[in-house]
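Colleague: Contents of entry.cif (mmCIF, C-alpha atoms) are below:
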data_start
#
loop_
_atom_site.label_atom_id
_atom_site.label_comp_id
_atom_site.auth_asym_id
_atom_site.auth_seq_id
_atom_site.Cartn_x
_atom_site.Cartn_y
_atom_site.Cartn_z
CA MET A 1 0.00 0.00 0.00
CA THR A 2 1.14 3.51 -0.74
CA ASP A 3 -0.78 5.27 2.03
CA GLN A 4 0.20 5.51 5.67
CA PHE A 5 -2.48 3.54 7.50
CA ASP A 6 -1.17 2.06 10.71
CA PHE A 7 -3.40 -0.96 11.32
CA ASN A 8 -2.23 -1.17 14.93
CA LEU A 9 -4.00 2.09 15.80
CA PRO A 10 -7.48 1.84 17.35
CA PHE A 11 -9.18 3.67 14.50
CA GLY A 12 -11.68 2.78 11.82
CA ARG A 13 -11.24 4.04 8.27
CA CYS A 14 -13.50 6.06 6.01
CA VAL A 15 -13.29 7.83 2.67
CA ASP A 16 -15.21 10.83 1.39
CA TYR A 17 -16.59 10.94 -2.13
CA ASP A 18 -17.54 13.84 -4.39
CA PHE A 19 -17.92 14.48 -8.11
CA TYR A 20 -14.17 15.19 -8.40
CA ALA A 21 -13.60 11.48 -7.67
CA GLY A 22 -15.85 10.52 -10.57
CA GLU A 23 -18.73 8.09 -10.70
CA GLN A 24 -18.62 5.38 -8.05
CA SER A 25 -20.05 1.96 -8.91
CA VAL A 26 -21.28 -0.78 -6.61
CA GLN A 27 -17.97 -2.51 -7.31
CA SER A 28 -15.89 0.51 -6.33
CA PHE A 29 -17.62 0.70 -2.95
CA GLN A 30 -17.16 -3.05 -2.54
CA THR A 31 -13.46 -2.72 -3.37
CA ALA A 32 -13.11 0.00 -0.77
CA LYS A 33 -14.85 -2.18 1.82
CA ASN A 34 -12.67 -5.16 0.95
CA ASN A 35 -9.61 -2.99 1.60
CA GLY A 36 -10.60 -1.95 5.10
CA VAL A 37 -12.93 1.02 4.59
CA ASP A 38 -15.75 1.15 7.15
CA LEU A 39 -17.74 4.20 6.04
CA ALA A 40 -18.46 6.37 2.99
CA ILE A 41 -18.96 10.12 3.44
CA LEU A 42 -20.90 11.56 0.51
CA ARG A 43 -20.75 15.19 -0.58
CA VAL A 44 -24.28 16.61 -0.70
CA GLY A 45 -23.45 19.81 -2.52
CA GLN A 46 -22.17 23.35 -2.09
CA GLY A 47 -23.89 26.60 -1.23
CA GLY A 48 -24.41 28.72 -4.33
CA VAL A 49 -23.40 25.86 -6.63
CA GLY A 50 -26.03 23.20 -6.03
CA ILE A 51 -26.22 19.48 -5.56
CA ASP A 52 -23.15 17.29 -6.06
CA LYS A 53 -23.83 15.60 -9.38
CA GLN A 54 -22.66 12.22 -8.06
CA LEU A 55 -24.72 12.29 -4.86
CA HIS A 56 -27.73 10.26 -5.93
CA ASN A 57 -25.62 7.73 -7.82
CA SER A 58 -23.40 7.23 -4.77
CA GLN A 59 -26.40 6.95 -2.47
CA LYS A 60 -27.67 4.03 -4.55
CA ALA A 61 -24.29 2.39 -5.18
CA CYS A 62 -23.14 2.19 -1.57
CA LYS A 63 -26.47 0.82 -0.25
CA GLY A 64 -25.96 -2.49 1.49
CA ILE A 65 -22.16 -2.20 1.20
CA LEU A 66 -21.01 0.74 3.29
CA PRO A 67 -22.90 2.92 5.76
CA ARG A 68 -22.76 6.59 4.78
CA ASP A 69 -22.48 10.04 6.26
CA TYR A 70 -22.94 13.29 4.35
CA TYR A 71 -21.20 16.65 4.18
CA PHE A 72 -22.32 19.99 2.77
CA TYR A 73 -19.82 22.68 1.73
CA LEU A 74 -21.02 26.03 3.09
CA SER A 75 -20.67 29.36 1.27
CA ILE A 76 -20.61 32.62 3.19
CA TYR A 77 -22.13 34.34 0.16
CA GLU A 78 -25.42 32.48 0.49
CA SER A 79 -28.08 32.38 3.19
CA ALA A 80 -27.22 29.90 5.93
CA ASN A 81 -30.91 29.05 6.30
CA GLY A 82 -31.35 28.63 2.56
CA GLN A 83 -28.34 26.34 2.31
CA ALA A 84 -29.71 24.19 5.13
CA GLN A 85 -33.03 23.83 3.33
CA ASP A 86 -31.27 22.94 0.06
CA CYS A 87 -29.10 20.39 1.84
CA ILE A 88 -32.11 18.61 3.33
CA ASN A 89 -33.85 18.60 -0.05
CA TYR A 90 -30.79 17.08 -1.75
CA ILE A 91 -30.45 14.27 0.82
CA ASN A 92 -34.14 13.55 0.25
CA GLY A 93 -34.68 11.60 3.47
CA ASP A 94 -32.03 8.99 2.64
CA TYR A 95 -30.28 8.53 5.98
CA ASP A 96 -30.16 6.08 8.88
CA ASN A 97 -30.19 6.49 12.65
CA ASP A 98 -26.39 6.59 12.76
CA THR A 99 -25.90 8.90 9.76
CA ILE A 100 -24.14 12.19 10.50
CA LEU A 101 -24.48 15.32 8.38
CA TRP A 102 -21.25 17.32 8.54
CA ALA A 103 -21.33 21.08 8.02
CA ASP A 104 -18.20 21.87 5.98
CA PHE A 105 -16.92 25.15 7.44
CA GLU A 106 -13.70 26.20 5.72
CA GLU A 107 -12.09 28.87 3.56
CA ASP A 108 -14.65 30.20 1.09
CA ASN A 109 -14.03 33.93 1.21
CA HIS A 110 -11.14 34.38 -1.22
CA GLY A 111 -9.09 36.29 1.32
CA LYS A 112 -11.93 38.45 2.63
CA LYS A 113 -11.70 37.87 6.37
CA ASN A 114 -15.23 38.55 7.51
CA ILE A 115 -16.65 35.25 8.68
CA ASP A 116 -17.24 33.76 12.10
CA ALA A 117 -19.01 30.81 13.62
CA SER A 118 -22.34 32.66 13.82
CA PHE A 119 -22.83 31.81 10.13
CA LEU A 120 -22.30 28.14 10.88
CA TYR A 121 -24.67 28.44 13.85
CA GLY A 122 -27.48 29.54 11.53
CA PHE A 123 -26.99 26.50 9.31
CA MET A 124 -26.94 24.06 12.22
CA GLU A 125 -30.02 25.46 13.92
CA THR A 126 -32.03 25.41 10.70
CA ILE A 127 -31.08 21.78 10.06
CA LYS A 128 -32.15 20.87 13.59
CA SER A 129 -35.50 22.58 13.15
CA LEU A 130 -36.15 20.82 9.82
CA MET A 131 -34.73 17.38 10.61
CA PRO A 132 -34.42 17.03 14.40
CA ASN A 133 -33.53 13.32 14.17
CA LEU A 134 -30.53 13.83 11.89
CA LYS A 135 -27.21 13.85 13.73
CA LEU A 136 -24.89 16.80 13.05
CA GLY A 137 -21.16 17.40 13.11
CA VAL A 138 -18.66 20.11 12.16
CA TYR A 139 -15.95 19.68 9.52
CA SER A 140 -13.16 22.24 9.48
CA GLY A 141 -9.47 22.66 8.88
CA TYR A 142 -7.31 22.63 11.98
CA SER A 143 -5.81 26.08 11.47
CA PHE A 144 -9.06 27.48 10.05
CA TRP A 145 -11.12 26.60 13.11
CA SER A 146 -8.33 27.83 15.38
CA GLU A 147 -8.57 31.26 13.73
CA TRP A 148 -12.23 31.58 12.70
CA GLY A 149 -14.10 29.10 14.85
CA SER A 150 -15.40 29.57 18.36
CA VAL A 151 -14.65 28.28 21.86
CA ASP A 152 -18.26 28.79 22.93
CA PRO A 153 -19.54 25.68 24.82
CA TYR A 154 -22.43 25.53 22.32
CA TRP A 155 -20.17 23.71 19.85
CA SER A 156 -19.32 20.91 22.26
CA GLN A 157 -22.69 19.29 21.43
CA TYR A 158 -21.34 18.39 17.99
CA LYS A 159 -18.76 15.88 16.84
CA LEU A 160 -15.66 17.23 15.08
CA TRP A 161 -14.24 16.05 11.76
CA ILE A 162 -10.87 17.76 11.48
CA ALA A 163 -8.77 18.21 8.34
CA HIS A 164 -5.09 18.07 9.23
CA PRO A 165 -2.84 16.23 6.73
CA THR A 166 0.06 14.31 8.26
CA ASN A 167 2.70 12.02 6.75
CA PRO A 168 3.68 9.88 8.54
CA TYR A 169 0.50 9.73 10.55
CA VAL A 170 0.26 11.85 13.70
CA ALA A 171 -3.03 12.21 15.58
CA PRO A 172 -4.02 15.90 16.00
CA THR A 173 -4.51 17.38 19.44
CA PRO A 174 -8.10 18.35 20.35
CA LEU A 175 -9.55 21.73 19.43
CA GLU A 176 -11.63 23.77 21.86
CA PRO A 177 -14.42 23.41 22.73
CA PHE A 178 -14.83 19.96 21.13
CA ASP A 179 -14.38 16.85 23.20
CA GLY A 180 -11.62 15.48 20.98
CA TRP A 181 -12.11 14.67 17.31
CA TYR A 182 -14.36 12.05 15.76
CA TYR A 183 -12.87 11.83 12.25
CA HIS A 184 -9.41 12.94 11.15
CA GLN A 185 -8.90 13.70 7.47
CA TRP A 186 -5.21 12.93 7.27
CA SER A 187 -4.58 12.59 3.53
CA PHE A 188 -5.92 14.23 0.36
CA ALA A 189 -4.33 11.60 -1.91
CA GLY A 190 -6.05 8.22 -1.72
CA ASN A 191 -4.85 5.08 -3.43
CA ASP A 192 -6.84 4.90 -6.69
CA LYS A 193 -6.73 1.11 -6.96
CA LEU A 194 -7.95 0.52 -3.43
CA TYR A 195 -10.33 3.39 -2.75
CA GLY A 196 -10.59 5.67 -5.77
CA ALA A 197 -9.33 9.26 -5.99
CA VAL A 198 -10.63 10.17 -2.55
CA ASP A 199 -9.58 11.74 0.72
CA LEU A 200 -8.61 9.38 3.54
CA ASN A 201 -9.83 9.62 7.10
CA TYR A 202 -9.43 7.88 10.42
CA MET A 203 -12.50 7.42 12.60
CA PHE A 204 -12.21 7.57 16.36
CA ASN A 205 -13.27 4.19 17.72
#
Can the structure from this file be put into structure tokens for me?
Modeller:
Amino acid sequence: MTDQFDFNLPFGRCVDYDFYAGEQSVQSFQTAKNNGVDLAILRVGQGGVGIDKQLHNSQKACKGILPRDYYFYLSIYESANGQAQDCINYINGDYDNDTILWADFEEDNHGKKNIDASFLYGFMETIKSLMPNLKLGVYSGYSFWSEWGSVDPYWSQYKLWIAHPTNPYVAPTPLEPFDGWYYHQWSFAGNDKLYGAVDLNYMFN
């Protein structure tokens, strides 16, 4: 294998899929599962852009093979409430009791430093009002959350998926106010033959 998985670590493994990775077949999800992947995280879409064009195909293809989470890439240029409503419409009720929707909160301002976690708050609260049974989490870059996130205890109710590439693998230290991290996106260069052109993540077990 060309990646840096350490199979002695107490972590599960997941990959996240979007249209950049191309169309995923039933066989591609099965191949990923056969090579140690425990979960697929599907990109729902992006604020101001629309639905990920591979979402519905991936929803169907991974059924019965891998459980799935979702993530939605937020845009500060669009209404937080409107993006939440779009996200729910795109998912179209296709989730399980353990499915987590991750709010992707990262650089989307092209150098214009005028964002804060209140924007993310609006998205989360709208999702909760529309789909109170859907679990929620926050995805963010390590340095991005450190600078633009919040230490308010409000955020401790959510799980954290942190992007922090490391090679060789080093587990990131926790970020306030989260109680550790739940997923760690540690590589942006998956092994095509094993997983497809996808990002690689460890899951806290």
Colleague: Enter the distance from atom CA of Asp116 of chain A to atom CA of Ser150 of chain A, in Å, rounded to one decimal.
Modeller: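 Distance reported for this atom pair: 7.8 Å.
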Colleague: So the first atom is atom CA of Ala32 of chain A and the second is atom CA of Asp104 of chain A; what is the distance between them in Å, to one decimal place?
Modeller: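 Separation of atom CA of Ala32 of chain A and atom CA of Asp104 of chain A: 23.4 Å.
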Colleague: Could you name the residues that touch His56 of chain A at 12 Å or less, counting only C-alpha atoms, but leaving out those on the same chain fewer than 4 positions away, as JSON, numbers by chain?
Modeller: {"A": [17, 18, 19, 23, 24, 25, 42, 43, 44, 45, 51, 52, 60, 61, 62, 63, 70, 89, 90, 91, 92, 93, 94]}
Colleague: Counting only C-alpha atoms, which residue out of A:Gly50, A:Pro132, A:Pro168, A:Gly141 sits closest to Asn97 of chain A?
Modeller: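 Residue with the minimum atom-to-atom distance to Asn97 of chain A: A:Pro132.
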Colleague: Can you tell me how far atom CA of Asn133 of chain A sits from atom CA of Gly48 of chain A, in Å to one decimal?
Modeller: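 Atom-to-atom, atom CA of Asn133 of chain A and atom CA of Gly48 of chain A are spaced 25.7 Å apart.
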Colleague: Give me segment 33-49 of chain A with N, CA, C and O atoms filled in, as a short mmCIF file (atom, residue, chain, number, x, y, z; two decimals), keeping the file's coordinate frame.
Modeller:
data_model
loop_
_atom_site.label_atom_id
_atom_site.label_comp_id
_atom_site.auth_asym_id
_atom_site.auth_seq_id
_atom_site.Cartn_x
_atom_site.Cartn_y
_atom_site.Cartn_z
N LYS A 33 -14.53 -1.39 0.62
CA LYS A 33 -14.85 -2.18 1.82
C LYS A 33 -13.88 -3.34 1.99
O LYS A 33 -13.41 -3.63 3.10
N ASN A 34 -13.58 -4.01 0.89
CA ASN A 34 -12.67 -5.16 0.95
C ASN A 34 -11.27 -4.76 1.40
O ASN A 34 -10.50 -5.61 1.88
N ASN A 35 -10.94 -3.48 1.23
CA ASN A 35 -9.61 -2.99 1.60
C ASN A 35 -9.63 -2.19 2.90
O ASN A 35 -8.77 -1.35 3.12
N GLY A 36 -10.62 -2.47 3.74
CA GLY A 36 -10.60 -1.95 5.10
C GLY A 36 -11.38 -0.69 5.37
O GLY A 36 -11.31 -0.14 6.47
N VAL A 37 -12.14 -0.19 4.37
CA VAL A 37 -12.93 1.02 4.59
C VAL A 37 -14.23 0.66 5.30
O VAL A 37 -14.90 -0.31 4.94
N ASP A 38 -14.58 1.43 6.32
CA ASP A 38 -15.75 1.15 7.15
C ASP A 38 -16.94 2.07 6.88
O ASP A 38 -18.06 1.77 7.31
N LEU A 39 -16.70 3.19 6.19
CA LEU A 39 -17.74 4.20 6.04
C LEU A 39 -17.47 5.05 4.81
O LEU A 39 -16.32 5.37 4.51
N ALA A 40 -18.54 5.40 4.09
CA ALA A 40 -18.46 6.37 2.99
C ALA A 40 -19.08 7.69 3.44
O ALA A 40 -20.14 7.69 4.06
N ILE A 41 -18.40 8.80 3.15
CA ILE A 41 -18.96 10.12 3.44
C ILE A 41 -19.23 10.79 2.10
O ILE A 41 -18.30 11.04 1.32
N LEU A 42 -20.49 11.07 1.80
CA LEU A 42 -20.90 11.56 0.51
C LEU A 42 -21.11 13.07 0.53
O LEU A 42 -21.76 13.59 1.44
N ARG A 43 -20.57 13.74 -0.46
CA ARG A 43 -20.75 15.19 -0.58
C ARG A 43 -22.16 15.47 -1.09
O ARG A 43 -22.56 14.99 -2.14
N VAL A 44 -22.91 16.26 -0.33
CA VAL A 44 -24.28 16.61 -0.70
C VAL A 44 -24.29 17.68 -1.78
O VAL A 44 -25.03 17.60 -2.76
N GLY A 45 -23.48 18.70 -1.59
CA GLY A 45 -23.45 19.81 -2.52
C GLY A 45 -22.70 20.97 -1.92
O GLY A 45 -22.01 20.84 -0.91
N GLN A 46 -22.87 22.14 -2.54
CA GLN A 46 -22.17 23.35 -2.09
C GLN A 46 -23.10 24.54 -2.21
O GLN A 46 -23.83 24.69 -3.21
N GLY A 47 -23.08 25.40 -1.20
CA GLY A 47 -23.89 26.60 -1.23
C GLY A 47 -23.58 27.47 -2.43
O GLY A 47 -22.42 27.76 -2.71
N GLY A 48 -24.60 27.88 -3.16
CA GLY A 48 -24.41 28.72 -4.33
C GLY A 48 -24.06 27.97 -5.59
O GLY A 48 -24.04 28.54 -6.68
N VAL A 49 -23.77 26.69 -5.46
CA VAL A 49 -23.40 25.86 -6.63
C VAL A 49 -24.48 24.83 -6.91
O VAL A 49 -24.88 24.63 -8.06
#
